[in-house]
Each structure stands twice: as structure tokens, then as C-alpha cells.
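Some notes on the structure that comes next.
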Amino acid sequence: VLPYHFGIAVRDEDSGKLVFLPLAGLEKKKSYPATGVANGLKTQRPAGPGAGDILIPLYEGSDNAKGTRPEYNEHVYDVQIKGDDFRSFLPADSPLELTVHVAKDGDISMKVYFPTLDDTVSVRVPTESKQTAYSSEQLYGEIGAANRAVDALASFGSHVDPTELE
């Protein structure tokens, strides 16, 4: 059985922050083989030949992980779909349908369907080694966001001691 919920990192529409979204069908204690789906997703950026790639971070999370920050969960792999894998240009905010399959032997595969292009991209997720969760650029980005949050909180008034926020 699956030891954890499988899910992806998505941007929350209300807060704009990345959150963990469990995939329906890949819940903890589900028997192998198992297939999970996520519909109603949209691309954040344009993609296609010469236009950029799409990154889909895959995570394992606990029972109450839905809506938590992705880094609080176990990072499995960042599925990267190269822009050159697309037949044509895919605009930002294009819909996509995600299917993740976990086989009896633990192999993980992902299919991403792009209705705008009527195209499906299949990716095998390597399970023989763990991928580093964050690059140095991502970590610097997180540090920058935390520093901006500290500055914003400090600007609310003198009742906040900025040194306590650091």
C-alpha cells in the first residue's frame, strides 16, 4: 500500500502561495497499482519551443498535509517538461490534466494532457535516487520572500520589534 499521499505543489488562488495538493486516487493506504488525477490545473507560464519549460513538483505528504507548504512534505521529484517537447506554443493559464500512476513495483509515471494543444506528454519519474528538493536559486528566492515579509510586518507600526522577527 502507499505509505503517504502523493501530490503536487500548486499555487493557491487566494493567497498566491505554493501549497501541497494531494492527488485523488493516490491516498495513503491505497493498494498498488494506483492512479491519481488532478483536473482544473493551469500553467503558470507560457511554454513551448523557445518559450520555456513546465515544472511539476511531486511530493509525498501525511494525512493532514493538504494546503501545507510543499517543503513541509517529502519531495519526490520535479517533473520537467521541456518546451521543445511541445508541438507548438502553449500560452500561460492554459488548462492541463495530470495523471500519475504508481505501479506494483513502485515505478511512477506521469501523463500531462494539454487540451489547448490536444497533446499528451508522458514522463517516467526516476525512483532509484532522491532528487535534491531545492536549488540554491530557489532557496535564495525563499530567503528573499521571508525578508520581504519581515519588512512588511515591521512597517505596520512601532509595536513590532523587527529584531524579534529575524
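Naming scheme: A, B, ... for chains in displayed order of the C-alpha cells; residues 1 onward per chain; ligands 1 onward as shown.
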
Excluding stretch 71-74 of chain A and residues on its chain fewer than 2 positions from it, collect all residues at most 6 Å away from it, counting only C-alpha atoms, and give them as JSON, numbers by chain.
{"A": [59, 60, 61, 69]}

Which residues are near stretch 78-80 of chain A? Cut-off 7 Å, only C-alpha atoms, ignore same chain within fewer than 3 positions. Put them as number ranges by chain.
A: 53-58

Would you mind exporting N, CA and C atoms of the selected residues as a JSON list (two decimals), in the first residue's frame?
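Below is the file out.json, written as the result:
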[["chain", "number", "residue", "atom", "x", "y", "z"],
["A", 53, "ASP", "N", 9.88, 25.97, -20.17],
["A", 53, "ASP", "CA", 9.52, 24.63, -19.72],
["A", 53, "ASP", "C", 8.39, 24.71, -18.69],
["A", 54, "ILE", "N", 7.82, 23.56, -18.37],
["A", 54, "ILE", "CA", 6.83, 23.43, -17.30],
["A", 54, "ILE", "C", 7.42, 22.52, -16.24],
["A", 55, "LEU", "N", 7.32, 22.95, -14.99],
["A", 55, "LEU", "CA", 7.85, 22.19, -13.86],
["A", 55, "LEU", "C", 6.68, 21.76, -12.97],
["A", 56, "ILE", "N", 6.61, 20.45, -12.66],
["A", 56, "ILE", "CA", 5.56, 19.92, -11.79],
["A", 56, "ILE", "C", 6.25, 19.19, -10.64],
["A", 57, "PRO", "N", 6.31, 19.83, -9.45],
["A", 57, "PRO", "CA", 6.94, 19.19, -8.29],
["A", 57, "PRO", "C", 6.02, 18.12, -7.69],
["A", 58, "LEU", "N", 6.57, 16.92, -7.50],
["A", 58, "LEU", "CA", 5.82, 15.79, -6.94],
["A", 58, "LEU", "C", 6.28, 15.55, -5.51]]

Counting only C-alpha atoms, which residues of stretch 56-85 of chain A fall within 7 Å of stretch 16-30 of chain A, and what is the closest atom pair for each with its distance in Å at one decimal, ordered by chain and rising number, as a tab-separated table?
residue	atom	partner	partner_atom	distance
A:Ala65	CA	A:Phe20	CA	6.7
A:Lys66	CA	A:Phe20	CA	5.4
A:Gly67	CA	A:Val19	CA	5.0
A:Thr68	CA	A:Val19	CA	5.3
A:Arg69	CA	A:Val19	CA	4.7
A:Pro70	CA	A:Phe20	CA	5.0

When distances are computed from only C-alpha atoms, which of A:Val37, A:Asp63, A:Arg148, A:Asp105 shows the smallest separation from A:His5?
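That would be A:Asp63, the residue with the smallest distance to A:His5.
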
Would you list, as a PyMOL selection string, the residues of stretch 7-163 of chain A that end up in alpha helix (DSSP H) under DSSP run on this structure's backbone?
chain A and resi 136-154+162-163

Nearest-residue call for A:Tyr4, choices A:Val76, A:Ile143, A:Leu98, A:Ala149, using only C-alpha atoms:
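Ranked by minimum distance to A:Tyr4, first place goes to A:Val76.
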
Would you work out the distance separating atom CA of A:Arg11 from atom CA of A:Pro115, expressed in Å to one decimal?
20.2 Å

State, in Å with one decimal place, the distance from atom CA of A:Ala103 to atom CA of A:Gly83.
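Taking atom CA of A:Ala103 and atom CA of A:Gly83, their separation equals 27.5 Å.
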
Nearest residue to A:Ser122 from the set A:Asn147, A:Lys82, A:Gly141, A:Ala51 (distances using only C-alpha atoms)
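Smallest distance to A:Ser122 is found for A:Lys82.
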
Report the residues of chain A whose backbone DSSP state falls under strand (DSSP E), written as a count of residues only.
59

Under the rule that only C-alpha atoms are counted, which of A:Leu117, A:Val123, A:Val1, A:Ala38 is the nearest residue to A:Ser88?
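Closest to A:Ser88, using only C-alpha atoms: A:Leu117.
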
Given the choices A:Ala152, A:Asp118, A:Asp107, A:His75, which gets closest to A:Ile8 if the distance is worked out from only C-alpha atoms?
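Under the stated criterion, the closest residue is A:His75.
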
Please indicate the distance in Å from atom CA of A:Leu2 to atom CA of A:Leu41, rounded to one decimal place.
23.9 Å
